[in-house]
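Working notes for the structure below.
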Amino acid sequence: MEEDDLESRIAAYLDQQMPDARNVAVTGLSRIYGGSSQETYRYHAAWGEGSDRREGDFILRRDAAAGLVVAERDLEFTVYSALAGQPLPLPRVHFLELDTRWLDRPFFIMDLCPGRPGNPFDPNDPYEGNDASVARDFWTHLGTLAAIDHRAVGLEGLRNGAATGGFWQAELDRWEAILDEGETVIEPIVRGAIRWLRRNPPPEASKPAIVHGDYRSGNFLFTPEDGRVSALLDWEMCHIGDPLEDIAWAIDPFWPITRHMPLEDGLAIWEAASGLAVDRTALDWWRLFACVKACAIWTTAEASVASGESYEMIVALSGIRAGHFHRKQILAQMKALGAIA
Amino acid sequence: MRLTIEQTLHRIGRMLSERIAPDVSHEFVAQSARLSGGALNICANWIDDAAELRVEENAAIRAVLGEIAGVADGDLAARLGEAAASADPGLKLSVLDAENDLLRQLLVEAQGWLEAQDSPAAHALNAKVWGLLEEIESKRAPRE
């Protein structure tokens with residue numbers, strides 16, 4: 001298997017990165033299923049340092065050959081580094097490597113955090129009886145993130161990082177361009193939603209905020225023993241924008257956190273943590289935007305499988321099933337908004 | 001009894017999901033086999049009426065483009081009228097899909113024009129287009 005080869009290659013890399021380390025051994029490498037935007041592996045490393053023997057469990061995130069959305073390679077590492085020290089549960093990052101000679105594609109290494117992900121598609125009890133505490137942490141952390149000044153933590157280099165407004169337009173332009181590039185058969189429902197969004201723009205963001213970009217059930221870990229969120233993950237779509245974008249994404253009916261806590265309770269927690277108020281009408285705009293964004297992501301999934309770049313079946317099924325789901329959702333939301341009969 | 005494409009895909013899908021996946025020890029590969037089985041089943045359920053569905057959809061879009069041509073003007077009206085009078089150039093799925101994309105592109109443009117008009121006729125036609133799009137989405141739903 002490829003894993004055997006990767007273990008020795010990772011060990012060679014660590015040996016080079018840690019000049020004080022001796023006899024670096026990498027064992028137990030296994031791929032974590034579901035990392036469809038990047039390949040995710042866990043492994044155990046042990047090495048000698050001085051008279052000590054050190055060891056630990058780590059995560060390696062490697063660029064996928066193709067995936068749902070092509071991320072900026074160093075973005076996730078940059079965000080984890082910048083947010084270290086903030087009151088958010090984040091893994092500690094160690095190395096970012098853009099040179100492809102080590103593992104064929106860029107990658108970075110971070111600590112393996114405790115906990116496990118709750119499957120957002122588990123119809124039963126993904127958080128093992130901890131719905132309320134997990135959801136409370138989920139909303140608190142999202143509010144905390146919105147309160148951070150991105151310039152103060154050195155994240156002005158993120159997309160839209162220099163902007164003070166116009167986030168809705170920048171993001172809508174971005175996802176429409178991704179649709180233009182990826183669609184082989186245009187979807188008039190999605191294009192109709194984009195026209196409506198442009199004709200009915202939301203108010204300016206209450207502040208430029210760090211937007212996770214994929215903040216939802218399935219992209220964090222929780223520890224069943226205490227019901228706490230132990231790590232916020234998958235930051236590869238992080239950018240600066242309207243904090244309502246993340247809220248709308250989190251409550252999208254494909255993976256709704258509202259299964260675990262009523263929306264208004266969650267928004268109250270977010271408002272307390274962020275110090276911001278949620279404009280419910282503007283949130284409706286962002287909810288429709290979330291469907292458009294999702295459709296664009298599913299389009300890139302379909303395109304990467306169609307072109308042969310990706311053989312990941314989770315990516316193929318995302319394109320087939322989720323695209324239909326979100327187009328139906330667009331129709332439902334536009335009816336609720338009175339945009340169509 | 002002749003084995004159809006649909007039946008063959010179903011059998012391969014079941015083979016992957018029910019026989020191969022459980023015997024694969026590597027978790028990621030086993031999951032991939034299960035998902036491949038699921039994708040094959042969806043494809044199998046799509047194959048029998050795939051051409052018919054596209055032919056009917058293209059005809060429905062042409063009909064509504066013809067109606068919009070009746071209220072539009074200038075170059076747009078001419079292009080819509082021409083599309084409304086066109087026919088599918090073949091029955092291969094790839095040919096029908098390419099034609100479908102052309103017709104949908106025109107529908108998007110026509111709908112944008114309708115939305116800019118302030119007339120009851122335009123509003124009624126726009127509502128009709130949305131109704132058609134809803135119908136198309138239902139017919140194109142993945143069949144698990």
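So you can find residues: chains in the structure tokens are A, B, ... in the order shown, residues in each start at 1, and ligands are numbered from 1 in order.
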Contacts of Ala121 (chain B) within 12 Å, only C-alpha atoms, excl. fewer than 5 positions in-chain, as a VMD selection string: chain B and resid 67 to 72 114 to 115 126 to 128
I'd like a table as CSV: residues in chain A with an atom no more than 8 Å from chain B, each row giving the shortest atom pair and its distance in Å to one decimal, only C-alpha atoms counted, sorted by chain and rising residue number.
residue,atom,partner,partner_atom,distance
A:Arg31,CA,B:Phe28,CA,7.0
A:Ile32,CA,B:Phe28,CA,7.6
A:Tyr33,CA,B:Phe28,CA,5.9
A:Thr184,CA,B:Asp101,CA,7.3
A:Val185,CA,B:Asp101,CA,4.7
A:Ile186,CA,B:Asp101,CA,5.9
A:Glu187,CA,B:Arg104,CA,7.4
A:Pro188,CA,B:Val108,CA,5.6
A:Ile189,CA,B:Leu133,CA,6.7
A:Arg191,CA,B:Val108,CA,7.0
A:Gly192,CA,B:Val108,CA,7.4
A:Arg195,CA,B:Gly112,CA,7.6
A:Glu312,CA,B:Ser32,CA,7.2
A:Met313,CA,B:Leu35,CA,5.7
A:Ile314,CA,B:Leu35,CA,6.8
A:Ala316,CA,B:Ala39,CA,7.6
A:Leu317,CA,B:Ala39,CA,6.4
A:Ile320,CA,B:Pro142,CA,6.8
A:Arg321,CA,B:Pro142,CA,6.2
A:His324,CA,B:Ala141,CA,6.3
A:Arg327,CA,B:Glu137,CA,7.6
A:Lys328,CA,B:Glu137,CA,7.3
A:Leu331,CA,B:Glu134,CA,7.4
A:Ile340,CA,B:Ala127,CA,6.9
A:Ala341,CA,B:Ala127,CA,6.9
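Proximity ranking of A:Leu244, A:Leu29, A:Leu232, A:Cys238 relative to Arg92 (chain A) places A:Leu232 first, based on only C-alpha atoms.
By only C-alpha atoms, and with residues fewer than 3 positions from region 272-280 of chain A along its chain excluded, the set lying at most 7 Å from it is Thr140, Gly143, Thr144, Ala146, Ala147, Ala268, Ile269, Leu283 and Asp284 of chain A.
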Give me, as a PyMOL selection string, all polymer residues having an atom no more than 8 Å from Leu145 (chain A), counting only C-alpha atoms and skipping those fewer than 4 positions away in the same chain. chain A and resi 88+141+209-211+274
Go ahead and write the residues just picked, N, CA and C atoms, as a PDB file, in the first residue's frame.
ATOM      1  N   LEU A  88      -9.980  29.627  20.973  1.00  0.00           N
ATOM      2  CA  LEU A  88     -10.644  28.696  20.055  1.00  0.00           C
ATOM      3  C   LEU A  88      -9.890  27.370  20.107  1.00  0.00           C
ATOM      4  N   HIS A 141     -17.952  29.420  19.656  1.00  0.00           N
ATOM      5  CA  HIS A 141     -16.696  29.541  18.908  1.00  0.00           C
ATOM      6  C   HIS A 141     -16.897  30.359  17.626  1.00  0.00           C
ATOM      7  N   ALA A 209     -15.073  40.254   8.992  1.00  0.00           N
ATOM      8  CA  ALA A 209     -14.804  39.175   9.949  1.00  0.00           C
ATOM      9  C   ALA A 209     -14.022  38.050   9.283  1.00  0.00           C
ATOM     10  N   ILE A 210     -13.363  37.271  10.127  1.00  0.00           N
ATOM     11  CA  ILE A 210     -12.733  36.047   9.624  1.00  0.00           C
ATOM     12  C   ILE A 210     -13.857  35.043   9.396  1.00  0.00           C
ATOM     13  N   VAL A 211     -14.044  34.665   8.147  1.00  0.00           N
ATOM     14  CA  VAL A 211     -15.082  33.693   7.794  1.00  0.00           C
ATOM     15  C   VAL A 211     -14.394  32.342   7.583  1.00  0.00           C
ATOM     16  N   SER A 274     -19.989  37.273  20.017  1.00  0.00           N
ATOM     17  CA  SER A 274     -19.396  38.157  19.000  1.00  0.00           C
ATOM     18  C   SER A 274     -19.556  39.630  19.349  1.00  0.00           C
TER      19      SER A 274
END
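If only C-alpha atoms are the atoms counted, then among A:Ala339, A:Ile247, A:Ile257, A:Ile194 the closest residue to His123 (chain B) is A:Ala339.
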I need the helix (DSSP H, G or I) residues of region 4-219 of chain A per DSSP on the backbone, written as a PDB file with N, CA and C atoms, in the first residue's frame.
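File produced: states-v7.pdb:
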ATOM      1  N   ASP A   4       2.714   2.489   3.364  1.00  0.00           N
ATOM      2  CA  ASP A   4       4.036   2.019   3.796  1.00  0.00           C
ATOM      3  C   ASP A   4       5.126   2.935   3.254  1.00  0.00           C
ATOM      4  N   ASP A   5       4.977   3.291   1.999  1.00  0.00           N
ATOM      5  CA  ASP A   5       5.937   4.167   1.359  1.00  0.00           C
ATOM      6  C   ASP A   5       5.897   5.553   2.004  1.00  0.00           C
ATOM      7  N   LEU A   6       4.677   6.020   2.312  1.00  0.00           N
ATOM      8  CA  LEU A   6       4.537   7.353   2.908  1.00  0.00           C
ATOM      9  C   LEU A   6       5.181   7.424   4.287  1.00  0.00           C
ATOM     10  N   GLU A   7       5.049   6.357   5.059  1.00  0.00           N
ATOM     11  CA  GLU A   7       5.646   6.375   6.405  1.00  0.00           C
ATOM     12  C   GLU A   7       7.145   6.670   6.334  1.00  0.00           C
ATOM     13  N   SER A   8       7.839   5.987   5.441  1.00  0.00           N
ATOM     14  CA  SER A   8       9.292   6.202   5.368  1.00  0.00           C
ATOM     15  C   SER A   8       9.613   7.583   4.791  1.00  0.00           C
ATOM     16  N   ARG A   9       8.777   8.057   3.891  1.00  0.00           N
ATOM     17  CA  ARG A   9       9.032   9.379   3.314  1.00  0.00           C
ATOM     18  C   ARG A   9       8.766  10.484   4.344  1.00  0.00           C
ATOM     19  N   ILE A  10       7.742  10.292   5.163  1.00  0.00           N
ATOM     20  CA  ILE A  10       7.472  11.288   6.220  1.00  0.00           C
ATOM     21  C   ILE A  10       8.619  11.275   7.239  1.00  0.00           C
ATOM     22  N   ALA A  11       9.067  10.080   7.578  1.00  0.00           N
ATOM     23  CA  ALA A  11      10.177   9.972   8.538  1.00  0.00           C
ATOM     24  C   ALA A  11      11.415  10.693   7.994  1.00  0.00           C
ATOM     25  N   ALA A  12      11.679  10.525   6.721  1.00  0.00           N
ATOM     26  CA  ALA A  12      12.822  11.201   6.102  1.00  0.00           C
ATOM     27  C   ALA A  12      12.657  12.716   6.173  1.00  0.00           C
ATOM     28  N   TYR A  13      11.447  13.160   5.941  1.00  0.00           N
ATOM     29  CA  TYR A  13      11.174  14.602   5.999  1.00  0.00           C
ATOM     30  C   TYR A  13      11.379  15.141   7.424  1.00  0.00           C
ATOM     31  N   LEU A  14      10.816  14.432   8.399  1.00  0.00           N
ATOM     32  CA  LEU A  14      10.946  14.880   9.788  1.00  0.00           C
ATOM     33  C   LEU A  14      12.406  14.883  10.225  1.00  0.00           C
ATOM     34  N   ASP A  15      13.128  13.900   9.769  1.00  0.00           N
ATOM     35  CA  ASP A  15      14.543  13.809  10.097  1.00  0.00           C
ATOM     36  C   ASP A  15      15.285  15.057   9.620  1.00  0.00           C
ATOM     37  N   GLN A  16      14.898  15.519   8.449  1.00  0.00           N
ATOM     38  CA  GLN A  16      15.534  16.710   7.882  1.00  0.00           C
ATOM     39  C   GLN A  16      15.055  17.988   8.585  1.00  0.00           C
ATOM     40  N   GLN A  17      13.789  17.993   9.004  1.00  0.00           N
ATOM     41  CA  GLN A  17      13.207  19.192   9.626  1.00  0.00           C
ATOM     42  C   GLN A  17      13.631  19.365  11.088  1.00  0.00           C
ATOM     43  N   LEU A  75      -2.934  28.262   2.951  1.00  0.00           N
ATOM     44  CA  LEU A  75      -3.961  29.034   3.645  1.00  0.00           C
ATOM     45  C   LEU A  75      -4.303  28.446   5.011  1.00  0.00           C
ATOM     46  N   GLU A  76      -4.573  27.148   5.032  1.00  0.00           N
ATOM     47  CA  GLU A  76      -5.023  26.535   6.281  1.00  0.00           C
ATOM     48  C   GLU A  76      -3.923  26.621   7.351  1.00  0.00           C
ATOM     49  N   PHE A  77      -2.693  26.382   6.935  1.00  0.00           N
ATOM     50  CA  PHE A  77      -1.562  26.478   7.866  1.00  0.00           C
ATOM     51  C   PHE A  77      -1.438  27.906   8.395  1.00  0.00           C
ATOM     52  N   THR A  78      -1.594  28.868   7.488  1.00  0.00           N
ATOM     53  CA  THR A  78      -1.494  30.282   7.875  1.00  0.00           C
ATOM     54  C   THR A  78      -2.557  30.651   8.907  1.00  0.00           C
ATOM     55  N   VAL A  79      -3.766  30.164   8.673  1.00  0.00           N
ATOM     56  CA  VAL A  79      -4.867  30.502   9.587  1.00  0.00           C
ATOM     57  C   VAL A  79      -4.654  29.857  10.956  1.00  0.00           C
ATOM     58  N   TYR A  80      -4.294  28.577  10.958  1.00  0.00           N
ATOM     59  CA  TYR A  80      -4.032  27.916  12.244  1.00  0.00           C
ATOM     60  C   TYR A  80      -2.929  28.660  13.008  1.00  0.00           C
ATOM     61  N   SER A  81      -1.900  29.064  12.293  1.00  0.00           N
ATOM     62  CA  SER A  81      -0.780  29.757  12.948  1.00  0.00           C
ATOM     63  C   SER A  81      -1.235  31.091  13.518  1.00  0.00           C
ATOM     64  N   ALA A  82      -2.018  31.833  12.725  1.00  0.00           N
ATOM     65  CA  ALA A  82      -2.441  33.167  13.144  1.00  0.00           C
ATOM     66  C   ALA A  82      -3.396  33.118  14.336  1.00  0.00           C
ATOM     67  N   LEU A  83      -4.219  32.079  14.376  1.00  0.00           N
ATOM     68  CA  LEU A  83      -5.236  32.015  15.434  1.00  0.00           C
ATOM     69  C   LEU A  83      -4.759  31.284  16.683  1.00  0.00           C
ATOM     70  N   ASP A 131     -25.912  16.902  22.524  1.00  0.00           N
ATOM     71  CA  ASP A 131     -26.378  17.907  21.567  1.00  0.00           C
ATOM     72  C   ASP A 131     -26.253  19.333  22.094  1.00  0.00           C
ATOM     73  N   ALA A 132     -26.763  19.547  23.291  1.00  0.00           N
ATOM     74  CA  ALA A 132     -26.847  20.916  23.807  1.00  0.00           C
ATOM     75  C   ALA A 132     -25.461  21.515  24.031  1.00  0.00           C
ATOM     76  N   SER A 133     -24.568  20.754  24.649  1.00  0.00           N
ATOM     77  CA  SER A 133     -23.246  21.323  24.953  1.00  0.00           C
ATOM     78  C   SER A 133     -22.409  21.485  23.688  1.00  0.00           C
ATOM     79  N   VAL A 134     -22.520  20.523  22.767  1.00  0.00           N
ATOM     80  CA  VAL A 134     -21.783  20.649  21.505  1.00  0.00           C
ATOM     81  C   VAL A 134     -22.286  21.867  20.735  1.00  0.00           C
ATOM     82  N   ALA A 135     -23.610  22.014  20.637  1.00  0.00           N
ATOM     83  CA  ALA A 135     -24.167  23.140  19.892  1.00  0.00           C
ATOM     84  C   ALA A 135     -23.807  24.470  20.562  1.00  0.00           C
ATOM     85  N   ARG A 136     -23.778  24.476  21.897  1.00  0.00           N
ATOM     86  CA  ARG A 136     -23.417  25.711  22.605  1.00  0.00           C
ATOM     87  C   ARG A 136     -21.979  26.109  22.268  1.00  0.00           C
ATOM     88  N   ASP A 137     -21.093  25.134  22.312  1.00  0.00           N
ATOM     89  CA  ASP A 137     -19.700  25.425  21.940  1.00  0.00           C
ATOM     90  C   ASP A 137     -19.601  25.860  20.476  1.00  0.00           C
ATOM     91  N   PHE A 138     -20.342  25.169  19.631  1.00  0.00           N
ATOM     92  CA  PHE A 138     -20.319  25.465  18.192  1.00  0.00           C
ATOM     93  C   PHE A 138     -20.638  26.940  17.952  1.00  0.00           C
ATOM     94  N   TRP A 139     -21.719  27.426  18.582  1.00  0.00           N
ATOM     95  CA  TRP A 139     -22.131  28.815  18.368  1.00  0.00           C
ATOM     96  C   TRP A 139     -21.191  29.790  19.074  1.00  0.00           C
ATOM     97  N   THR A 140     -20.717  29.411  20.249  1.00  0.00           N
ATOM     98  CA  THR A 140     -19.794  30.288  20.988  1.00  0.00           C
ATOM     99  C   THR A 140     -18.519  30.500  20.181  1.00  0.00           C
ATOM    100  N   HIS A 141     -17.952  29.420  19.656  1.00  0.00           N
ATOM    101  CA  HIS A 141     -16.696  29.541  18.908  1.00  0.00           C
ATOM    102  C   HIS A 141     -16.897  30.359  17.626  1.00  0.00           C
ATOM    103  N   LEU A 142     -18.042  30.178  16.993  1.00  0.00           N
ATOM    104  CA  LEU A 142     -18.280  30.950  15.768  1.00  0.00           C
ATOM    105  C   LEU A 142     -18.401  32.436  16.094  1.00  0.00           C
ATOM    106  N   GLY A 143     -19.052  32.744  17.217  1.00  0.00           N
ATOM    107  CA  GLY A 143     -19.140  34.136  17.643  1.00  0.00           C
ATOM    108  C   GLY A 143     -17.783  34.707  18.025  1.00  0.00           C
ATOM    109  N   THR A 144     -16.990  33.900  18.712  1.00  0.00           N
ATOM    110  CA  THR A 144     -15.635  34.326  19.084  1.00  0.00           C
ATOM    111  C   THR A 144     -14.807  34.627  17.849  1.00  0.00           C
ATOM    112  N   LEU A 145     -14.925  33.772  16.849  1.00  0.00           N
ATOM    113  CA  LEU A 145     -14.187  33.981  15.597  1.00  0.00           C
ATOM    114  C   LEU A 145     -14.589  35.317  14.952  1.00  0.00           C
ATOM    115  N   ALA A 146     -15.892  35.591  14.961  1.00  0.00           N
ATOM    116  CA  ALA A 146     -16.370  36.825  14.338  1.00  0.00           C
ATOM    117  C   ALA A 146     -15.856  38.066  15.062  1.00  0.00           C
ATOM    118  N   ALA A 147     -15.581  37.920  16.338  1.00  0.00           N
ATOM    119  CA  ALA A 147     -15.144  39.081  17.130  1.00  0.00           C
ATOM    120  C   ALA A 147     -13.666  39.419  16.923  1.00  0.00           C
ATOM    121  N   PHE A 167     -18.428  42.714   0.604  1.00  0.00           N
ATOM    122  CA  PHE A 167     -18.100  41.284   0.713  1.00  0.00           C
ATOM    123  C   PHE A 167     -19.110  40.409  -0.032  1.00  0.00           C
ATOM    124  N   TRP A 168     -20.385  40.793   0.054  1.00  0.00           N
ATOM    125  CA  TRP A 168     -21.389  39.948  -0.602  1.00  0.00           C
ATOM    126  C   TRP A 168     -21.130  39.872  -2.100  1.00  0.00           C
ATOM    127  N   GLN A 169     -20.757  41.022  -2.667  1.00  0.00           N
ATOM    128  CA  GLN A 169     -20.539  41.045  -4.111  1.00  0.00           C
ATOM    129  C   GLN A 169     -19.270  40.265  -4.489  1.00  0.00           C
ATOM    130  N   ALA A 170     -18.224  40.453  -3.706  1.00  0.00           N
ATOM    131  CA  ALA A 170     -16.971  39.745  -3.996  1.00  0.00           C
ATOM    132  C   ALA A 170     -17.174  38.235  -3.936  1.00  0.00           C
ATOM    133  N   GLU A 171     -17.905  37.783  -2.929  1.00  0.00           N
ATOM    134  CA  GLU A 171     -18.112  36.330  -2.785  1.00  0.00           C
ATOM    135  C   GLU A 171     -19.060  35.791  -3.851  1.00  0.00           C
ATOM    136  N   LEU A 172     -20.100  36.568  -4.150  1.00  0.00           N
ATOM    137  CA  LEU A 172     -21.027  36.113  -5.198  1.00  0.00           C
ATOM    138  C   LEU A 172     -20.314  36.057  -6.550  1.00  0.00           C
ATOM    139  N   ASP A 173     -19.486  37.050  -6.837  1.00  0.00           N
ATOM    140  CA  ASP A 173     -18.699  37.047  -8.087  1.00  0.00           C
ATOM    141  C   ASP A 173     -17.794  35.812  -8.135  1.00  0.00           C
ATOM    142  N   ARG A 174     -17.170  35.539  -7.003  1.00  0.00           N
ATOM    143  CA  ARG A 174     -16.229  34.411  -6.950  1.00  0.00           C
ATOM    144  C   ARG A 174     -16.919  33.094  -7.279  1.00  0.00           C
ATOM    145  N   TRP A 175     -18.059  32.852  -6.628  1.00  0.00           N
ATOM    146  CA  TRP A 175     -18.716  31.555  -6.822  1.00  0.00           C
ATOM    147  C   TRP A 175     -19.394  31.477  -8.182  1.00  0.00           C
ATOM    148  N   GLU A 176     -19.842  32.602  -8.695  1.00  0.00           N
ATOM    149  CA  GLU A 176     -20.409  32.571 -10.046  1.00  0.00           C
ATOM    150  C   GLU A 176     -19.312  32.235 -11.061  1.00  0.00           C
ATOM    151  N   ALA A 177     -18.117  32.784 -10.846  1.00  0.00           N
ATOM    152  CA  ALA A 177     -17.002  32.484 -11.758  1.00  0.00           C
ATOM    153  C   ALA A 177     -16.636  31.002 -11.702  1.00  0.00           C
ATOM    154  N   ILE A 178     -16.714  30.422 -10.496  1.00  0.00           N
ATOM    155  CA  ILE A 178     -16.417  28.985 -10.361  1.00  0.00           C
ATOM    156  C   ILE A 178     -17.480  28.163 -11.098  1.00  0.00           C
ATOM    157  N   LEU A 179     -18.733  28.606 -11.021  1.00  0.00           N
ATOM    158  CA  LEU A 179     -19.793  27.933 -11.793  1.00  0.00           C
ATOM    159  C   LEU A 179     -19.523  28.059 -13.288  1.00  0.00           C
ATOM    160  N   ASP A 180     -19.168  29.255 -13.724  1.00  0.00           N
ATOM    161  CA  ASP A 180     -18.898  29.474 -15.152  1.00  0.00           C
ATOM    162  C   ASP A 180     -17.827  28.510 -15.651  1.00  0.00           C
ATOM    163  N   GLU A 181     -16.835  28.306 -14.804  1.00  0.00           N
ATOM    164  CA  GLU A 181     -15.706  27.477 -15.211  1.00  0.00           C
ATOM    165  C   GLU A 181     -16.048  25.982 -15.188  1.00  0.00           C
ATOM    166  N   GLY A 182     -16.875  25.585 -14.243  1.00  0.00           N
ATOM    167  CA  GLY A 182     -17.074  24.148 -14.030  1.00  0.00           C
ATOM    168  C   GLY A 182     -18.298  23.540 -14.677  1.00  0.00           C
ATOM    169  N   PRO A 188     -30.158  26.702 -14.770  1.00  0.00           N
ATOM    170  CA  PRO A 188     -30.909  27.971 -14.704  1.00  0.00           C
ATOM    171  C   PRO A 188     -31.445  28.301 -13.311  1.00  0.00           C
ATOM    172  N   ILE A 189     -31.711  27.281 -12.502  1.00  0.00           N
ATOM    173  CA  ILE A 189     -32.194  27.565 -11.139  1.00  0.00           C
ATOM    174  C   ILE A 189     -31.134  28.334 -10.363  1.00  0.00           C
ATOM    175  N   VAL A 190     -29.895  27.886 -10.465  1.00  0.00           N
ATOM    176  CA  VAL A 190     -28.806  28.539  -9.734  1.00  0.00           C
ATOM    177  C   VAL A 190     -28.588  29.950 -10.291  1.00  0.00           C
ATOM    178  N   ARG A 191     -28.649  30.072 -11.601  1.00  0.00           N
ATOM    179  CA  ARG A 191     -28.445  31.396 -12.208  1.00  0.00           C
ATOM    180  C   ARG A 191     -29.583  32.348 -11.833  1.00  0.00           C
ATOM    181  N   GLY A 192     -30.780  31.803 -11.710  1.00  0.00           N
ATOM    182  CA  GLY A 192     -31.901  32.633 -11.280  1.00  0.00           C
ATOM    183  C   GLY A 192     -31.704  33.137  -9.860  1.00  0.00           C
ATOM    184  N   ALA A 193     -31.177  32.267  -9.020  1.00  0.00           N
ATOM    185  CA  ALA A 193     -30.900  32.674  -7.632  1.00  0.00           C
ATOM    186  C   ALA A 193     -29.831  33.769  -7.606  1.00  0.00           C
ATOM    187  N   ILE A 194     -28.816  33.635  -8.445  1.00  0.00           N
ATOM    188  CA  ILE A 194     -27.754  34.662  -8.481  1.00  0.00           C
ATOM    189  C   ILE A 194     -28.331  36.004  -8.919  1.00  0.00           C
ATOM    190  N   ARG A 195     -29.197  35.984  -9.915  1.00  0.00           N
ATOM    191  CA  ARG A 195     -29.808  37.258 -10.354  1.00  0.00           C
ATOM    192  C   ARG A 195     -30.613  37.887  -9.220  1.00  0.00           C
ATOM    193  N   TRP A 196     -31.360  37.043  -8.505  1.00  0.00           N
ATOM    194  CA  TRP A 196     -32.158  37.586  -7.392  1.00  0.00           C
ATOM    195  C   TRP A 196     -31.251  38.172  -6.317  1.00  0.00           C
ATOM    196  N   LEU A 197     -30.173  37.461  -6.017  1.00  0.00           N
ATOM    197  CA  LEU A 197     -29.240  37.949  -4.989  1.00  0.00           C
ATOM    198  C   LEU A 197     -28.649  39.294  -5.398  1.00  0.00           C
ATOM    199  N   ARG A 198     -28.358  39.457  -6.669  1.00  0.00           N
ATOM    200  CA  ARG A 198     -27.790  40.738  -7.132  1.00  0.00           C
ATOM    201  C   ARG A 198     -28.831  41.859  -7.106  1.00  0.00           C
ATOM    202  N   ARG A 199     -30.077  41.514  -7.403  1.00  0.00           N
ATOM    203  CA  ARG A 199     -31.129  42.553  -7.400  1.00  0.00           C
ATOM    204  C   ARG A 199     -31.536  42.965  -5.995  1.00  0.00           C
TER     205      ARG A 199
END
List as a PyMOL selection string the protein and nucleic acid residues near Pro89 (chain B), meaning an atom at most 12 Å away when only C-alpha atoms are counted, but skip any in the same chain fewer than 2 places from it. chain B and resi 55+58+86-87+91-100
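Excluding Gly66 (chain B) itself and same-chain residues fewer than 5 positions from it, the residues having an atom within 10 Å of it are B:Ala60, B:Ile61, B:Val71, B:Ala72, B:Ala77, B:Ala78, B:Arg79, B:Leu80, B:Gly81, B:Glu82, B:Ala83, B:Ala84, B:Ala85, counting only C-alpha atoms.
Among the candidate residues A:Arg287, A:Arg216, A:His44, A:His150, the one lying nearest to Phe121 (chain A) is A:Arg216, with distances computed using only C-alpha atoms.
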Name the closest residue to Ser206 (chain A) among the candidates A:Ala248, A:Ala282, A:Leu233, A:Leu158; distances are taken between atoms, counting only C-alpha atoms. A:Ala282
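Put simply, CA of Ser217 (chain A) is 13.8 Å away from CA of Glu128 (chain A).
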